[in-house]
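Trainee: Data file my_file-v8.pdb (PDB, C-alpha atoms) is appended below.
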ATOM      1  CA  MET E   1       4.308  20.165 -25.882
ATOM      2  CA  THR E   2       5.179  19.976 -22.174
ATOM      3  CA  ASP E   3       1.561  19.574 -20.973
ATOM      4  CA  LEU E   4       0.923  16.786 -23.479
ATOM      5  CA  GLU E   5       4.141  15.044 -22.447
ATOM      6  CA  LYS E   6       3.000  15.214 -18.821
ATOM      7  CA  ARG E   7      -0.320  13.629 -19.724
ATOM      8  CA  LEU E   8       1.504  10.937 -21.688
ATOM      9  CA  GLY E   9       3.971  10.353 -18.875
ATOM     10  CA  TYR E  10       6.840  10.574 -21.346
ATOM     11  CA  THR E  11       9.320  13.332 -22.228
ATOM     12  CA  PHE E  12      10.737  13.260 -25.746
ATOM     13  CA  LYS E  13      14.463  13.530 -26.307
ATOM     14  CA  ASP E  14      13.731  14.507 -29.910
ATOM     15  CA  ALA E  15      10.783  16.912 -29.779
ATOM     16  CA  SER E  16      10.554  16.950 -33.581
ATOM     17  CA  LEU E  17       9.171  13.388 -33.480
ATOM     18  CA  LEU E  18       6.206  14.500 -31.395
ATOM     19  CA  ARG E  19       5.605  17.457 -33.687
ATOM     20  CA  LEU E  20       5.660  15.120 -36.683
ATOM     21  CA  ALA E  21       3.188  12.781 -34.983
ATOM     22  CA  LEU E  22       0.764  15.667 -34.591
ATOM     23  CA  THR E  23       1.118  16.968 -38.157
ATOM     24  CA  HIS E  24      -1.806  16.073 -40.415
ATOM     25  CA  ARG E  25      -1.214  15.734 -44.147
ATOM     26  CA  SER E  26      -3.450  18.760 -44.754
ATOM     27  CA  HIS E  27      -0.900  20.913 -42.932
ATOM     28  CA  SER E  28       2.447  20.149 -44.522
ATOM     29  CA  GLN E  29       5.021  17.626 -45.596
ATOM     30  CA  PRO E  30       6.284  15.515 -43.945
ATOM     31  CA  HIS E  31       3.156  14.398 -42.066
ATOM     32  CA  ASN E  32       2.249  11.705 -39.541
ATOM     33  CA  GLU E  33       0.966   8.839 -41.733
ATOM     34  CA  ARG E  34       4.198   6.814 -41.639
ATOM     35  CA  LEU E  35       4.353   7.186 -37.852
ATOM     36  CA  GLU E  36       0.709   6.128 -37.696
ATOM     37  CA  PHE E  37       1.583   2.924 -39.578
ATOM     38  CA  LEU E  38       4.348   2.182 -37.081
ATOM     39  CA  GLY E  39       2.286   3.155 -34.043
ATOM     40  CA  ASP E  40      -0.536   0.828 -35.057
ATOM     41  CA  SER E  41       1.779  -2.181 -34.716
ATOM     42  CA  VAL E  42       3.287  -0.900 -31.469
ATOM     43  CA  LEU E  43      -0.199  -0.398 -30.037
ATOM     44  CA  ASN E  44      -1.401  -3.873 -30.988
ATOM     45  CA  LEU E  45       1.661  -5.549 -29.478
ATOM     46  CA  ALA E  46       1.506  -3.514 -26.259
ATOM     47  CA  VAL E  47      -2.219  -4.099 -25.777
ATOM     48  CA  SER E  48      -1.786  -7.801 -26.560
ATOM     49  CA  GLY E  49       0.864  -8.084 -23.860
ATOM     50  CA  LEU E  50      -1.323  -6.215 -21.380
ATOM     51  CA  LEU E  51      -4.307  -8.478 -22.046
ATOM     52  CA  TYR E  52      -2.181 -11.637 -21.911
ATOM     53  CA  ARG E  53      -0.984 -10.628 -18.457
ATOM     54  CA  GLU E  54      -4.220  -9.205 -17.022
ATOM     55  CA  LEU E  55      -6.759 -11.651 -18.504
ATOM     56  CA  ASP E  56      -4.971 -14.920 -17.830
ATOM     57  CA  GLN E  57      -8.220 -16.935 -17.865
ATOM     58  CA  PHE E  58      -9.260 -15.764 -21.332
ATOM     59  CA  ALA E  59      -8.894 -17.975 -24.403
ATOM     60  CA  GLU E  60      -7.293 -16.716 -27.623
ATOM     61  CA  GLY E  61     -10.602 -15.853 -29.265
ATOM     62  CA  ASP E  62     -11.749 -13.784 -26.289
ATOM     63  CA  LEU E  63      -8.408 -11.981 -26.102
ATOM     64  CA  SER E  64      -8.704 -11.088 -29.791
ATOM     65  CA  ARG E  65     -12.241  -9.775 -29.259
ATOM     66  CA  VAL E  66     -11.210  -7.563 -26.346
ATOM     67  CA  ARG E  67      -8.147  -6.260 -28.182
ATOM     68  CA  SER E  68     -10.228  -5.371 -31.241
ATOM     69  CA  SER E  69     -12.571  -3.358 -29.053
ATOM     70  CA  LEU E  70      -9.723  -1.512 -27.327
ATOM     71  CA  VAL E  71      -7.810  -0.522 -30.469
ATOM     72  CA  ARG E  72     -10.754   0.465 -32.669
ATOM     73  CA  GLN E  73     -11.164   4.036 -33.816
ATOM     74  CA  GLN E  74     -13.714   5.086 -31.187
ATOM     75  CA  ALA E  75     -11.567   3.839 -28.306
ATOM     76  CA  LEU E  76      -8.522   5.657 -29.696
ATOM     77  CA  HIS E  77     -10.582   8.814 -30.199
ATOM     78  CA  ASP E  78     -11.746   8.702 -26.572
ATOM     79  CA  ILE E  79      -8.175   8.382 -25.303
ATOM     80  CA  ALA E  80      -6.945  11.124 -27.635
ATOM     81  CA  SER E  81      -9.707  13.399 -26.332
ATOM     82  CA  SER E  82      -8.745  12.682 -22.714
ATOM     83  CA  LEU E  83      -5.171  13.665 -23.609
ATOM     84  CA  GLN E  84      -6.499  16.874 -25.233
ATOM     85  CA  LEU E  85      -4.613  15.893 -28.362
ATOM     86  CA  ASN E  86      -6.791  18.188 -30.470
ATOM     87  CA  GLU E  87      -5.175  21.226 -28.838
ATOM     88  CA  GLN E  88      -1.804  20.244 -30.312
ATOM     89  CA  LEU E  89      -2.810  18.986 -33.771
ATOM     90  CA  LEU E  90      -1.376  20.769 -36.791
ATOM     91  CA  LEU E  91      -4.068  20.908 -39.492
ATOM     92  CA  GLY E  92      -4.466  22.774 -42.751
ATOM     93  CA  GLU E  93      -6.825  25.745 -42.669
ATOM     94  CA  GLY E  94      -9.523  23.971 -44.689
ATOM     95  CA  GLU E  95      -9.420  20.848 -42.514
ATOM     96  CA  ARG E  96      -9.548  22.952 -39.388
ATOM     97  CA  LYS E  97     -12.572  24.912 -40.589
ATOM     98  CA  SER E  98     -14.419  21.707 -41.526
ATOM     99  CA  GLY E  99     -14.141  20.358 -37.966
ATOM    100  CA  GLY E 100     -10.996  18.286 -38.305
ATOM    101  CA  LEU E 101      -9.984  18.933 -34.703
ATOM    102  CA  ARG E 102     -13.003  16.893 -33.571
ATOM    103  CA  ARG E 103     -12.945  14.226 -36.294
ATOM    104  CA  PRO E 104     -12.528  10.773 -34.691
ATOM    105  CA  SER E 105     -10.419   9.378 -37.542
ATOM    106  CA  ILE E 106      -7.911  12.248 -37.368
ATOM    107  CA  LEU E 107      -7.572  12.053 -33.583
ATOM    108  CA  ALA E 108      -7.273   8.251 -33.600
ATOM    109  CA  ASP E 109      -4.614   8.328 -36.311
ATOM    110  CA  ALA E 110      -2.655  11.030 -34.482
ATOM    111  CA  LEU E 111      -2.651   8.991 -31.277
ATOM    112  CA  GLU E 112      -1.253   5.972 -33.115
ATOM    113  CA  ALA E 113       1.383   8.257 -34.606
ATOM    114  CA  VAL E 114       2.296   9.426 -31.095
ATOM    115  CA  PHE E 115       2.822   5.804 -30.039
ATOM    116  CA  GLY E 116       5.066   5.369 -33.064
ATOM    117  CA  ALA E 117       6.998   8.505 -32.138
ATOM    118  CA  VAL E 118       7.551   7.295 -28.573
ATOM    119  CA  TYR E 119       8.823   3.986 -29.946
ATOM    120  CA  LEU E 120      11.370   5.715 -32.190
ATOM    121  CA  ASP E 121      12.407   8.129 -29.458
ATOM    122  CA  GLY E 122      12.695   5.774 -26.489
ATOM    123  CA  GLY E 123      12.330   2.208 -27.719
ATOM    124  CA  TYR E 124       9.609  -0.387 -27.299
ATOM    125  CA  GLU E 125       9.657  -0.486 -23.484
ATOM    126  CA  ALA E 126       8.987   3.250 -23.314
ATOM    127  CA  ALA E 127       6.119   2.928 -25.795
ATOM    128  CA  GLN E 128       4.739  -0.059 -23.895
ATOM    129  CA  ARG E 129       4.699   1.923 -20.636
ATOM    130  CA  VAL E 130       2.815   4.783 -22.296
ATOM    131  CA  VAL E 131       0.235   2.458 -23.866
ATOM    132  CA  GLU E 132      -0.286   0.493 -20.655
ATOM    133  CA  SER E 133      -0.643   3.641 -18.534
ATOM    134  CA  LEU E 134      -3.496   4.731 -20.823
ATOM    135  CA  TYR E 135      -5.184   1.363 -21.219
ATOM    136  CA  LEU E 136      -4.880  -0.286 -17.809
ATOM    137  CA  PRO E 137      -7.396   2.084 -16.124
ATOM    138  CA  ILE E 138      -9.842   1.399 -18.977
ATOM    139  CA  LEU E 139      -9.407  -2.355 -18.665
ATOM    140  CA  GLN E 140      -9.968  -2.201 -14.905
ATOM    141  CA  SER E 141     -13.154  -0.166 -15.261
ATOM    142  CA  VAL E 142     -15.020  -2.407 -17.715
ATOM    143  CA  ASP E 143     -16.302  -5.966 -17.811
ATOM    144  CA  ALA E 144     -13.828  -7.607 -20.158
ATOM    145  CA  ALA E 145     -16.144 -10.611 -20.540
ATOM    146  CA  THR E 146     -18.652  -8.456 -22.439
ATOM    147  CA  LEU E 147     -16.259  -5.978 -24.052
ATOM    148  CA  GLY E 148     -16.585  -6.000 -27.814
ATOM    149  CA  LYS E 149     -19.731  -8.116 -27.896
ATOM    150  CA  ASP E 150     -22.756  -6.623 -29.628
ATOM    151  CA  ALA E 151     -26.167  -6.323 -28.015
ATOM    152  CA  LYS E 152     -27.672  -9.323 -29.827
ATOM    153  CA  THR E 153     -24.880 -11.584 -28.614
ATOM    154  CA  LEU E 154     -25.142 -10.284 -25.043
ATOM    155  CA  LEU E 155     -28.915 -10.795 -25.029
ATOM    156  CA  GLN E 156     -28.571 -14.334 -26.384
ATOM    157  CA  GLU E 157     -25.927 -15.252 -23.804
ATOM    158  CA  PHE E 158     -27.975 -13.732 -20.981
ATOM    159  CA  LEU E 159     -31.111 -15.675 -21.915
ATOM    160  CA  GLN E 160     -29.204 -18.931 -22.406
ATOM    161  CA  GLY E 161     -27.516 -18.444 -19.039
ATOM    162  CA  HIS E 162     -30.947 -18.293 -17.398
ATOM    163  CA  GLY E 163     -32.393 -21.235 -19.321
ATOM    164  CA  LEU E 164     -34.689 -19.026 -21.398
ATOM    165  CA  PRO E 165     -35.571 -19.371 -25.115
ATOM    166  CA  LEU E 166     -33.789 -17.175 -27.631
ATOM    167  CA  PRO E 167     -35.427 -13.900 -28.755
ATOM    168  CA  GLY E 168     -37.177 -13.337 -32.069
ATOM    169  CA  TYR E 169     -36.674 -10.386 -34.413
ATOM    170  CA  GLN E 170     -39.118  -9.034 -36.972
ATOM    171  CA  VAL E 171     -39.143  -5.955 -39.194
ATOM    172  CA  VAL E 172     -42.359  -4.116 -38.414
ATOM    173  CA  ALA E 173     -41.853  -0.990 -40.537
ATOM    174  CA  THR E 174     -39.635   0.488 -43.238
ATOM    175  CA  MET E 175     -39.687   4.233 -43.785
ATOM    176  CA  GLY E 176     -38.037   6.701 -46.133
ATOM    177  CA  ALA E 177     -36.710   6.626 -49.684
ATOM    178  CA  ALA E 178     -34.654   3.701 -50.950
ATOM    179  CA  HIS E 179     -31.345   5.543 -50.466
ATOM    180  CA  SER E 180     -32.161   6.680 -46.914
ATOM    181  CA  GLN E 181     -34.393   4.016 -45.407
ATOM    182  CA  VAL E 182     -35.030   3.642 -41.699
ATOM    183  CA  PHE E 183     -35.917   0.188 -40.419
ATOM    184  CA  GLU E 184     -37.967  -0.502 -37.330
ATOM    185  CA  VAL E 185     -37.488  -3.921 -35.766
ATOM    186  CA  GLU E 186     -39.327  -5.656 -32.945
ATOM    187  CA  CYS E 187     -37.429  -7.896 -30.516
ATOM    188  CA  VAL E 188     -39.618 -10.345 -28.588
ATOM    189  CA  VAL E 189     -38.724 -12.426 -25.524
ATOM    190  CA  PRO E 190     -42.031 -14.289 -24.926
ATOM    191  CA  LYS E 191     -41.049 -16.016 -21.691
ATOM    192  CA  LEU E 192     -40.446 -12.650 -20.025
ATOM    193  CA  SER E 193     -43.269 -10.834 -21.865
ATOM    194  CA  ILE E 194     -40.758  -8.400 -23.376
ATOM    195  CA  VAL E 195     -41.386  -6.575 -26.639
ATOM    196  CA  SER E 196     -38.892  -3.861 -27.575
ATOM    197  CA  LEU E 197     -38.624  -1.669 -30.658
ATOM    198  CA  GLY E 198     -35.432  -0.435 -32.267
ATOM    199  CA  SER E 199     -34.703   1.626 -35.372
ATOM    200  CA  GLY E 200     -31.685   2.109 -37.601
ATOM    201  CA  ALA E 201     -30.396   2.777 -41.093
ATOM    202  CA  SER E 202     -30.125  -0.979 -41.688
ATOM    203  CA  ARG E 203     -31.975  -4.037 -40.461
ATOM    204  CA  ARG E 204     -28.923  -5.106 -38.480
ATOM    205  CA  ALA E 205     -28.614  -1.713 -36.785
ATOM    206  CA  ALA E 206     -32.299  -1.768 -35.884
ATOM    207  CA  GLU E 207     -31.969  -5.283 -34.447
ATOM    208  CA  GLN E 208     -29.019  -4.170 -32.313
ATOM    209  CA  SER E 209     -31.014  -1.207 -31.040
ATOM    210  CA  ALA E 210     -33.981  -3.403 -30.133
ATOM    211  CA  ALA E 211     -31.695  -5.991 -28.512
ATOM    212  CA  THR E 212     -30.092  -3.310 -26.320
ATOM    213  CA  LYS E 213     -33.494  -2.348 -24.909
ATOM    214  CA  ALA E 214     -34.571  -5.977 -24.549
ATOM    215  CA  LEU E 215     -31.392  -6.852 -22.639
ATOM    216  CA  THR E 216     -32.007  -4.103 -20.093
ATOM    217  CA  ALA E 217     -35.624  -5.239 -19.674
ATOM    218  CA  ALA E 218     -34.587  -8.890 -19.345
ATOM    219  CA  GLN E 219     -31.987  -8.093 -16.690
ATOM    220  CA  ASP E 220     -34.591  -6.138 -14.718
ATOM    221  CA  ALA E 221     -37.180  -8.918 -15.063
ATOM    222  CA  VAL E 222     -34.820 -11.680 -13.953
ATOM    223  CA  SER E 223     -33.513  -9.663 -10.986
ATOM    224  CA  VAL E 224     -37.067  -9.081  -9.702
ATOM    225  CA  ALA E 225     -38.418 -12.605 -10.254
ATOM    226  CA  PRO E 226     -36.352 -14.447  -7.590
ATOM    227  CA  LYS E 227     -37.398 -11.964  -4.908
ATOM    228  CA  LYS E 228     -41.068 -12.645  -5.634
ATOM    229  CA  ARG E 229     -40.514 -16.398  -5.446
ATOM    230  CA  ARG E 230     -38.679 -16.111  -2.138
ATOM    231  CA  ARG E 231     -41.466 -14.017  -0.603
ATOM    232  CA  SER E 232     -44.115 -16.464  -1.780
ATOM    233  CA  LYS E 233     -42.251 -19.479  -0.395
ATOM    234  CA  LYS E 234     -41.590 -17.780   2.907
ATOM    235  CA  ALA E 235     -45.241 -16.878   3.319
ATOM    236  CA  GLY E 236     -46.238 -20.506   2.888
ATOM    237  CA  GLU E 237     -43.666 -22.055   5.234
ATOM    238  CA  PRO E 238     -44.614 -20.810   8.752
ATOM    239  CA  PRO E 239     -47.928 -22.727   9.122
ATOM    240  CA  GLN E 240     -46.235 -25.980   8.136
ATOM    241  CA  LYS E 241     -43.369 -25.426  10.574
ATOM    242  CA  ARG E 242     -45.765 -24.603  13.453
ATOM    243  CA  LEU E 243     -47.742 -27.774  12.870
ATOM    244  CA  GLU E 244     -44.629 -29.949  12.872
ATOM    245  CA  PHE E 245     -43.327 -28.234  16.039
ATOM    246  CA  THR E 246     -46.606 -28.776  17.956
ATOM    247  CA  SER E 247     -46.795 -32.417  16.906
ATOM    248  CA  GLY E 248     -43.209 -33.051  18.106
ATOM    249  CA  ASN E 249     -43.866 -31.615  21.587
ATOM    250  CA  GLU E 250     -46.974 -33.642  22.142
TER     251      GLU E 250
END
Step by step, read the file and then write its structure as structure tokens.
Mentor:
Amino acid sequence: MTDLEKRLGYTFKDASLLRLALTHRSHSQPHNERLEFLGDSVLNLAVSGLLYRELDQFAEGDLSRVRSSLVRQQALHDIASSLQLNEQLLLGEGERKSGGLRRPSILADALEAVFGAVYLDGGYEAAQRVVESLYLPILQSVDAATLGKDAKTLLQEFLQGHGLPLPGYQVVATMGAAHSQVFEVECVVPKLSIVSLGSGASRRAAEQSAATKALTAAQDAVSVAPKKRRRSKKAGEPPQKRLEFTSGNE
């Protein structure tokens, strides 16, 4: 476990706690589910404290949104992967053969169990240091103002911020059998002449896909537009300035 402890920045006094945290229920009893329950609470408190300190201009609702994004399964899976947690997991043979070492839910749960194990082994301050060492670089590398917001919300806020009308969404096609339909949705931003298509297993997923493409197009369109206006204005100014200058000298 030494390499994992180095990556965590914490050395266990009771190594059996770390082993328990990495033991899936498919492997043996006892397993890590009780530690996972404990680690979930430790994680939420530690991340809450980190956000309260680092994002001092954020209101309660925004702090909750960012925290939810940071502690969700995918975020935990990404951190667990960076720690190479899968190399240390103890899984039953069947779970291992079915790809359990790569399963996001198993890795996320094991990471929470590790946080719980650190808490039991070294107390809350030790667990807080481990959590913050893993999360602070993430928080510093992203735009917290947009973290956790879906594409439709980001597109709406972007357009409103530039005084533009809200987009429209329309289902343009539905394909497949009733139990496995694929929706195709069109997102239209008339003022910017943007029409984007997105697809997904539900109407909402297709709308999010279309909104993601529309947001990129809108950002590109708005960033180019001011440059064109400045060039046009500049081209029209010199004759007027020369006339005023000549008149003043006479």
Trainee: What does the structure give for the distance between atom CA of E:Thr212 and atom CA of E:Lys152, in Å to one decimal?
Mentor: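 Atom CA of E:Lys152 lies 7.4 Å from atom CA of E:Thr212.
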Trainee: Return as a PyMOL selection string the set of residues that the PyMOL selection byres ((chain E and resi 101-106) around 12) yields on the displayed structure.
Mentor: chain E and resi 21-26+32-33+36+72-81+84-100+107-113
Trainee: Could you state the separation of atom CA of E:Leu8 and atom CA of E:Gln128 in Å, given to one decimal place?
Mentor: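 Calculated distance between atom CA of E:Leu8 and atom CA of E:Gln128 is 11.7 Å.
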Trainee: What would the list of residues within 12 Å of (-11.9, -6.8, -18.0) (file frame) look like as an NGL selection string, if all atoms listed in the file are what count?
Mentor: :E and (50-58 or 62-63 or 65-67 or 69-70 or 135-148)
Trainee: What does the structure give for the distance between atom CA of E:Ala218 and atom CA of E:Arg203, in Å to one decimal?
Mentor: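 It comes out at 21.8 Å.
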Trainee: The PyMOL selection byres ((chain E and resi 18) around 9) - which residues does that actually catch in the file I just gave you? List them as an MDAnalysis selection string.
Mentor: chainID E and resid 1 12 14:17 19:23 113:114 117:118
Trainee: Just want the 6 Å neighbourhood of E:Gly39, counted on all atoms listed in the file, with same-chain residues fewer than 2 positions away dropped. Output as a PyMOL selection string.
Mentor: chain E and resi 35-37+41-43+112-113+115-116
Trainee: For this structure, which residues satisfy the selection - the PyMOL selection byres ((chain E and resi 190-200) around 9) - when it is evaluated on the file as given? I want them as an MDAnalysis selection string.
Mentor: chainID E and resid 164:165 167:168 172 181:189 201:214 217:218 221:222
